[in-house]
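The file data32.cif contains mmCIF, C-alpha atoms:
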```cif
data_start
#
loop_
_atom_site.group_PDB
_atom_site.id
_atom_site.type_symbol
_atom_site.label_atom_id
_atom_site.label_comp_id
_atom_site.auth_asym_id
_atom_site.auth_seq_id
_atom_site.Cartn_x
_atom_site.Cartn_y
_atom_site.Cartn_z
ATOM 1 C CA GLN A 1 -1.107 -42.452 -28.277
ATOM 2 C CA VAL A 2 -2.835 -39.121 -27.966
ATOM 3 C CA GLN A 3 -0.930 -36.197 -29.433
ATOM 4 C CA LEU A 4 -1.477 -32.482 -29.027
ATOM 5 C CA VAL A 5 0.563 -30.131 -31.197
ATOM 6 C CA GLU A 6 0.650 -26.392 -30.635
ATOM 7 C CA SER A 7 1.613 -23.783 -33.202
ATOM 8 C CA GLY A 8 1.476 -20.045 -33.732
ATOM 9 C CA GLY A 9 3.926 -18.772 -31.143
ATOM 10 C CA GLY A 10 6.517 -16.141 -31.890
ATOM 11 C CA LEU A 11 8.117 -12.810 -31.014
ATOM 12 C CA VAL A 12 5.834 -9.779 -31.027
ATOM 13 C CA HIS A 13 5.708 -6.271 -29.589
ATOM 14 C CA ALA A 14 3.506 -5.130 -26.752
ATOM 15 C CA GLY A 15 0.007 -4.402 -28.049
ATOM 16 C CA ASP A 16 0.232 -6.900 -30.889
ATOM 17 C CA SER A 17 -1.909 -9.991 -31.385
ATOM 18 C CA LEU A 18 -1.156 -13.675 -31.871
ATOM 19 C CA ARG A 19 -3.320 -16.708 -32.488
ATOM 20 C CA LEU A 20 -2.214 -20.045 -31.092
ATOM 21 C CA SER A 21 -3.612 -23.295 -32.422
ATOM 22 C CA CYS A 22 -3.571 -26.838 -31.081
ATOM 23 C CA THR A 23 -4.459 -29.848 -33.154
ATOM 24 C CA THR A 24 -5.109 -33.190 -31.489
ATOM 25 C CA SER A 25 -5.327 -36.850 -32.357
ATOM 26 C CA LEU A 26 -8.183 -37.428 -29.932
ATOM 27 C CA ARG A 27 -10.716 -39.650 -31.672
ATOM 28 C CA THR A 28 -13.707 -38.031 -30.058
ATOM 29 C CA PHE A 29 -12.260 -34.573 -29.606
ATOM 30 C CA ASN A 30 -15.659 -32.951 -29.317
ATOM 31 C CA ASP A 31 -16.369 -34.873 -26.076
ATOM 32 C CA PHE A 32 -13.529 -33.344 -24.073
ATOM 33 C CA PRO A 33 -12.880 -30.042 -22.334
ATOM 34 C CA MET A 34 -9.758 -28.234 -23.533
ATOM 35 C CA ALA A 35 -7.524 -25.641 -21.961
ATOM 36 C CA TRP A 36 -4.454 -23.475 -22.354
ATOM 37 C CA PHE A 37 -1.802 -23.038 -19.679
ATOM 38 C CA ARG A 38 1.447 -21.125 -19.721
ATOM 39 C CA GLN A 39 4.795 -21.357 -18.010
ATOM 40 C CA GLY A 40 6.947 -18.284 -17.657
ATOM 41 C CA PRO A 41 10.297 -17.633 -15.992
ATOM 42 C CA GLU A 42 8.816 -18.501 -12.607
ATOM 43 C CA LYS A 43 8.502 -22.084 -13.869
ATOM 44 C CA GLU A 44 5.056 -22.663 -12.441
ATOM 45 C CA ARG A 45 2.545 -23.748 -15.061
ATOM 46 C CA LYS A 46 -0.429 -21.424 -14.777
ATOM 47 C CA PHE A 47 -3.959 -21.579 -16.067
ATOM 48 C CA VAL A 48 -4.899 -19.285 -18.963
ATOM 49 C CA ALA A 49 -8.255 -20.397 -20.368
ATOM 50 C CA ALA A 50 -10.551 -23.411 -20.638
ATOM 51 C CA LEU A 51 -13.489 -24.363 -22.823
ATOM 52 C CA SER A 52 -16.137 -27.004 -22.263
ATOM 53 C CA TRP A 53 -16.652 -29.925 -24.637
ATOM 54 C CA ASN A 54 -19.578 -28.222 -26.361
ATOM 55 C CA GLY A 55 -18.091 -24.725 -26.304
ATOM 56 C CA GLY A 56 -20.809 -23.449 -24.027
ATOM 57 C CA ASP A 57 -18.675 -22.676 -20.995
ATOM 58 C CA GLU A 58 -15.503 -20.565 -21.013
ATOM 59 C CA VAL A 59 -13.242 -19.713 -18.100
ATOM 60 C CA TYR A 60 -10.310 -17.298 -18.118
ATOM 61 C CA ALA A 61 -7.571 -16.286 -15.757
ATOM 62 C CA ASN A 62 -8.106 -12.750 -14.479
ATOM 63 C CA SER A 63 -4.828 -11.675 -16.046
ATOM 64 C CA VAL A 64 -6.073 -12.404 -19.582
ATOM 65 C CA LYS A 65 -9.811 -11.790 -19.287
ATOM 66 C CA GLY A 66 -11.000 -9.421 -21.974
ATOM 67 C CA ARG A 67 -7.837 -9.851 -24.055
ATOM 68 C CA PHE A 68 -7.720 -13.589 -24.833
ATOM 69 C CA THR A 69 -10.398 -15.779 -26.387
ATOM 70 C CA ILE A 70 -10.451 -19.567 -26.478
ATOM 71 C CA SER A 71 -12.388 -21.369 -29.187
ATOM 72 C CA ARG A 72 -12.636 -24.809 -30.696
ATOM 73 C CA ASP A 73 -13.312 -26.292 -34.108
ATOM 74 C CA ASN A 74 -14.570 -29.803 -33.542
ATOM 75 C CA ALA A 75 -14.531 -30.572 -37.260
ATOM 76 C CA LYS A 76 -10.785 -29.947 -37.282
ATOM 77 C CA ASN A 77 -10.006 -31.424 -33.845
ATOM 78 C CA SER A 78 -8.457 -28.147 -32.837
ATOM 79 C CA VAL A 79 -8.584 -25.494 -30.159
ATOM 80 C CA SER A 80 -7.291 -21.959 -30.547
ATOM 81 C CA LEU A 81 -6.293 -19.079 -28.333
ATOM 82 C CA GLN A 82 -6.653 -15.592 -29.778
ATOM 83 C CA MET A 83 -4.412 -13.233 -27.835
ATOM 84 C CA ASN A 84 -4.890 -9.497 -28.244
ATOM 85 C CA SER A 85 -3.243 -6.512 -26.582
ATOM 86 C CA LEU A 86 -0.289 -8.614 -25.595
ATOM 87 C CA LYS A 87 1.897 -7.496 -22.707
ATOM 88 C CA PRO A 88 5.494 -8.381 -21.797
ATOM 89 C CA GLU A 89 4.155 -10.342 -18.819
ATOM 90 C CA ASP A 90 2.371 -12.661 -21.263
ATOM 91 C CA THR A 91 5.783 -13.994 -22.279
ATOM 92 C CA ALA A 92 5.773 -17.745 -21.629
ATOM 93 C CA VAL A 93 5.637 -21.186 -23.164
ATOM 94 C CA TYR A 94 1.980 -21.894 -23.904
ATOM 95 C CA TYR A 95 0.629 -25.415 -23.538
ATOM 96 C CA CYS A 96 -2.536 -26.988 -24.847
ATOM 97 C CA ALA A 97 -4.225 -29.547 -22.585
ATOM 98 C CA ALA A 98 -7.089 -32.000 -22.849
ATOM 99 C CA ASP A 99 -9.238 -33.457 -20.073
ATOM 100 C CA ALA A 100 -9.941 -37.141 -20.711
ATOM 101 C CA GLU A 101 -13.206 -37.020 -18.774
ATOM 102 C CA ALA A 102 -15.819 -36.881 -21.502
ATOM 103 C CA TRP A 103 -18.430 -34.160 -21.109
ATOM 104 C CA GLY A 104 -16.741 -32.951 -17.935
ATOM 105 C CA GLY A 105 -16.740 -29.410 -16.642
ATOM 106 C CA VAL A 106 -14.044 -26.819 -17.222
ATOM 107 C CA HIS A 107 -11.151 -26.720 -14.761
ATOM 108 C CA ALA A 108 -8.259 -24.419 -13.966
ATOM 109 C CA ARG A 109 -5.886 -26.873 -12.318
ATOM 110 C CA THR A 110 -3.134 -28.728 -14.130
ATOM 111 C CA TYR A 111 -3.922 -32.074 -12.497
ATOM 112 C CA GLU A 112 -7.377 -32.085 -14.058
ATOM 113 C CA TYR A 113 -5.861 -32.489 -17.512
ATOM 114 C CA ASP A 114 -4.556 -35.738 -18.890
ATOM 115 C CA TYR A 115 -2.929 -34.887 -22.194
ATOM 116 C CA TRP A 116 -0.477 -32.099 -22.951
ATOM 117 C CA GLY A 117 1.271 -30.655 -25.943
ATOM 118 C CA GLN A 118 4.949 -29.811 -26.125
ATOM 119 C CA GLY A 119 4.352 -26.076 -25.886
ATOM 120 C CA THR A 120 4.944 -23.062 -28.095
ATOM 121 C CA GLN A 121 6.993 -20.023 -27.085
ATOM 122 C CA VAL A 122 5.391 -16.596 -27.008
ATOM 123 C CA THR A 123 7.700 -13.637 -26.394
ATOM 124 C CA VAL A 124 6.339 -10.107 -26.049
ATOM 125 C CA SER A 125 8.848 -7.271 -26.132
ATOM 126 C CA SER A 126 8.147 -3.914 -24.546
#
```
As structure tokens, please, write out the structure in this file.
Amino acid sequence: QVQLVESGGGLVHAGDSLRLSCTTSLRTFNDFPMAWFRQGPEKERKFVAALSWNGGDEVYANSVKGRFTISRDNAKNSVSLQMNSLKPEDTAVYYCAADAEAWGGVHARTYEYDYWGQGTQVTVSS
């Protein structure tokens, strides 16, 4: 059974930074695109960022572009999300996701992803 485990969430002030990490049990982690989504009070899970299997293609939601950076460490089977200049509207549960289509492109839709973590809470106070 594939497992994705997020960590690094917490309570911070506006303008602060946080780094989220997601470790996976995927055997061939480096073959799969990875992404981060978030779910705030509106309860809709929204796209944040995605990274191709080889790290060569990154996509970001407009709301986080220039502030967040997604990266992966294939040696550690992990993907990270560096979040800078955090805003109260970034408050949400952040989820890591993996696309089971090897060497596939990056996507921004939840249904494109096959494996999900349990989420980590990020709260940004004003």
Test item: which residues lie within 6 Å of (4.2, -13.0, -28.6) counting only C-alpha atoms, as a VMD selection string: chain A and resid 10 to 12 122 to 124
I'd like to see the residues matched by the PyMOL selection byres ((chain A and resi 101) around 9) on this file, and ideally I'd get them as a VMD selection string. chain A and resid 31 to 33 98 to 100 102 to 105 112 to 114
Rounded to one decimal in Å, what is the spacing between atom CA of Ser63 of chain A and atom CA of Ala108 of chain A? 13.4 Å
With distances taken over all atoms listed in the file, which residue among A:Leu18, A:Ala35, A:Ala75, A:Leu81 lies nearest Tyr115 of chain A?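 Nearest to Tyr115 of chain A: A:Ala35.
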Between A:Pro88, A:Ser52, A:Phe37, A:Gly15, which one has atoms that come closest to Gly117 of chain A, using only C-alpha atoms?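 Of all the options, A:Phe37 lies closest to Gly117 of chain A.
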Ranking A:Asp16, A:His107, A:Asn30, A:Gln39 by minimum distance to Glu58 of chain A and counting all atoms listed in the file, which one comes first?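 Smallest distance to Glu58 of chain A is found for A:His107.
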Reference answer for the PyMOL selection byres ((chain A and resi 43-48) around 8), as a PyMOL selection string: chain A and resi 35-42+49-50+60-61+64+108-110
Taking all atoms listed in the file into account, which of A:Val79, A:Met34, A:Val2, A:Ala14 comes nearest Asp57 of chain A? A:Met34
Missing atoms in segment 18-43 of chain A: can you complete it with N, CA and C atoms, as a PDB file, keeping the file's coordinate frame?
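File rebuild.pdb, as written:
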```pdb
ATOM      1  N   LEU A  18      -1.601 -12.373 -31.384  1.00  0.00           N
ATOM      2  CA  LEU A  18      -1.156 -13.675 -31.871  1.00  0.00           C
ATOM      3  C   LEU A  18      -2.311 -14.652 -31.728  1.00  0.00           C
ATOM      4  N   ARG A  19      -2.313 -15.653 -32.596  1.00  0.00           N
ATOM      5  CA  ARG A  19      -3.320 -16.708 -32.488  1.00  0.00           C
ATOM      6  C   ARG A  19      -2.600 -18.045 -32.394  1.00  0.00           C
ATOM      7  N   LEU A  20      -2.780 -18.722 -31.279  1.00  0.00           N
ATOM      8  CA  LEU A  20      -2.214 -20.045 -31.092  1.00  0.00           C
ATOM      9  C   LEU A  20      -3.246 -21.098 -31.497  1.00  0.00           C
ATOM     10  N   SER A  21      -2.744 -22.187 -32.056  1.00  0.00           N
ATOM     11  CA  SER A  21      -3.612 -23.295 -32.422  1.00  0.00           C
ATOM     12  C   SER A  21      -3.060 -24.587 -31.845  1.00  0.00           C
ATOM     13  N   CYS A  22      -3.960 -25.527 -31.596  1.00  0.00           N
ATOM     14  CA  CYS A  22      -3.571 -26.838 -31.081  1.00  0.00           C
ATOM     15  C   CYS A  22      -4.417 -27.879 -31.794  1.00  0.00           C
ATOM     16  N   THR A  23      -3.743 -28.758 -32.507  1.00  0.00           N
ATOM     17  CA  THR A  23      -4.459 -29.848 -33.154  1.00  0.00           C
ATOM     18  C   THR A  23      -4.210 -31.131 -32.355  1.00  0.00           C
ATOM     19  N   THR A  24      -5.209 -31.989 -32.312  1.00  0.00           N
ATOM     20  CA  THR A  24      -5.109 -33.190 -31.489  1.00  0.00           C
ATOM     21  C   THR A  24      -5.449 -34.436 -32.286  1.00  0.00           C
ATOM     22  N   SER A  25      -5.006 -35.565 -31.744  1.00  0.00           N
ATOM     23  CA  SER A  25      -5.327 -36.850 -32.357  1.00  0.00           C
ATOM     24  C   SER A  25      -6.447 -37.556 -31.591  1.00  0.00           C
ATOM     25  N   LEU A  26      -7.085 -36.828 -30.693  1.00  0.00           N
ATOM     26  CA  LEU A  26      -8.183 -37.428 -29.932  1.00  0.00           C
ATOM     27  C   LEU A  26      -9.289 -37.865 -30.876  1.00  0.00           C
ATOM     28  N   ARG A  27      -9.711 -39.108 -30.758  1.00  0.00           N
ATOM     29  CA  ARG A  27     -10.716 -39.650 -31.672  1.00  0.00           C
ATOM     30  C   ARG A  27     -12.060 -38.962 -31.540  1.00  0.00           C
ATOM     31  N   THR A  28     -12.420 -38.689 -30.299  1.00  0.00           N
ATOM     32  CA  THR A  28     -13.707 -38.031 -30.058  1.00  0.00           C
ATOM     33  C   THR A  28     -13.443 -36.687 -29.404  1.00  0.00           C
ATOM     34  N   PHE A  29     -12.707 -35.871 -30.110  1.00  0.00           N
ATOM     35  CA  PHE A  29     -12.260 -34.573 -29.606  1.00  0.00           C
ATOM     36  C   PHE A  29     -13.405 -33.759 -29.035  1.00  0.00           C
ATOM     37  N   ASN A  30     -14.550 -33.805 -29.713  1.00  0.00           N
ATOM     38  CA  ASN A  30     -15.659 -32.951 -29.317  1.00  0.00           C
ATOM     39  C   ASN A  30     -16.296 -33.372 -27.997  1.00  0.00           C
ATOM     40  N   ASP A  31     -15.830 -34.444 -27.369  1.00  0.00           N
ATOM     41  CA  ASP A  31     -16.369 -34.873 -26.076  1.00  0.00           C
ATOM     42  C   ASP A  31     -15.594 -34.292 -24.892  1.00  0.00           C
ATOM     43  N   PHE A  32     -14.448 -33.662 -25.163  1.00  0.00           N
ATOM     44  CA  PHE A  32     -13.529 -33.344 -24.073  1.00  0.00           C
ATOM     45  C   PHE A  32     -13.297 -31.851 -23.883  1.00  0.00           C
ATOM     46  N   PRO A  33     -13.273 -31.419 -22.626  1.00  0.00           N
ATOM     47  CA  PRO A  33     -12.880 -30.042 -22.334  1.00  0.00           C
ATOM     48  C   PRO A  33     -11.415 -29.816 -22.708  1.00  0.00           C
ATOM     49  N   MET A  34     -11.106 -28.599 -23.119  1.00  0.00           N
ATOM     50  CA  MET A  34      -9.758 -28.234 -23.533  1.00  0.00           C
ATOM     51  C   MET A  34      -9.326 -26.978 -22.789  1.00  0.00           C
ATOM     52  N   ALA A  35      -8.023 -26.804 -22.687  1.00  0.00           N
ATOM     53  CA  ALA A  35      -7.524 -25.641 -21.961  1.00  0.00           C
ATOM     54  C   ALA A  35      -6.163 -25.214 -22.481  1.00  0.00           C
ATOM     55  N   TRP A  36      -5.796 -24.006 -22.123  1.00  0.00           N
ATOM     56  CA  TRP A  36      -4.454 -23.475 -22.354  1.00  0.00           C
ATOM     57  C   TRP A  36      -3.850 -23.093 -21.007  1.00  0.00           C
ATOM     58  N   PHE A  37      -2.598 -23.441 -20.838  1.00  0.00           N
ATOM     59  CA  PHE A  37      -1.802 -23.038 -19.679  1.00  0.00           C
ATOM     60  C   PHE A  37      -0.531 -22.372 -20.203  1.00  0.00           C
ATOM     61  N   ARG A  38       0.164 -21.695 -19.325  1.00  0.00           N
ATOM     62  CA  ARG A  38       1.447 -21.125 -19.721  1.00  0.00           C
ATOM     63  C   ARG A  38       2.456 -21.229 -18.593  1.00  0.00           C
ATOM     64  N   GLN A  39       3.703 -21.241 -18.982  1.00  0.00           N
ATOM     65  CA  GLN A  39       4.795 -21.357 -18.010  1.00  0.00           C
ATOM     66  C   GLN A  39       5.843 -20.325 -18.355  1.00  0.00           C
ATOM     67  N   GLY A  40       5.994 -19.361 -17.465  1.00  0.00           N
ATOM     68  CA  GLY A  40       6.947 -18.284 -17.657  1.00  0.00           C
ATOM     69  C   GLY A  40       8.224 -18.530 -16.892  1.00  0.00           C
ATOM     70  N   PRO A  41       9.016 -17.490 -16.692  1.00  0.00           N
ATOM     71  CA  PRO A  41      10.297 -17.633 -15.992  1.00  0.00           C
ATOM     72  C   PRO A  41      10.160 -18.186 -14.573  1.00  0.00           C
ATOM     73  N   GLU A  42       9.009 -17.993 -13.968  1.00  0.00           N
ATOM     74  CA  GLU A  42       8.816 -18.501 -12.607  1.00  0.00           C
ATOM     75  C   GLU A  42       8.691 -20.009 -12.555  1.00  0.00           C
ATOM     76  N   LYS A  43       8.519 -20.633 -13.729  1.00  0.00           N
ATOM     77  CA  LYS A  43       8.502 -22.084 -13.869  1.00  0.00           C
ATOM     78  C   LYS A  43       7.264 -22.790 -13.344  1.00  0.00           C
TER      79      LYS A  43
END
```
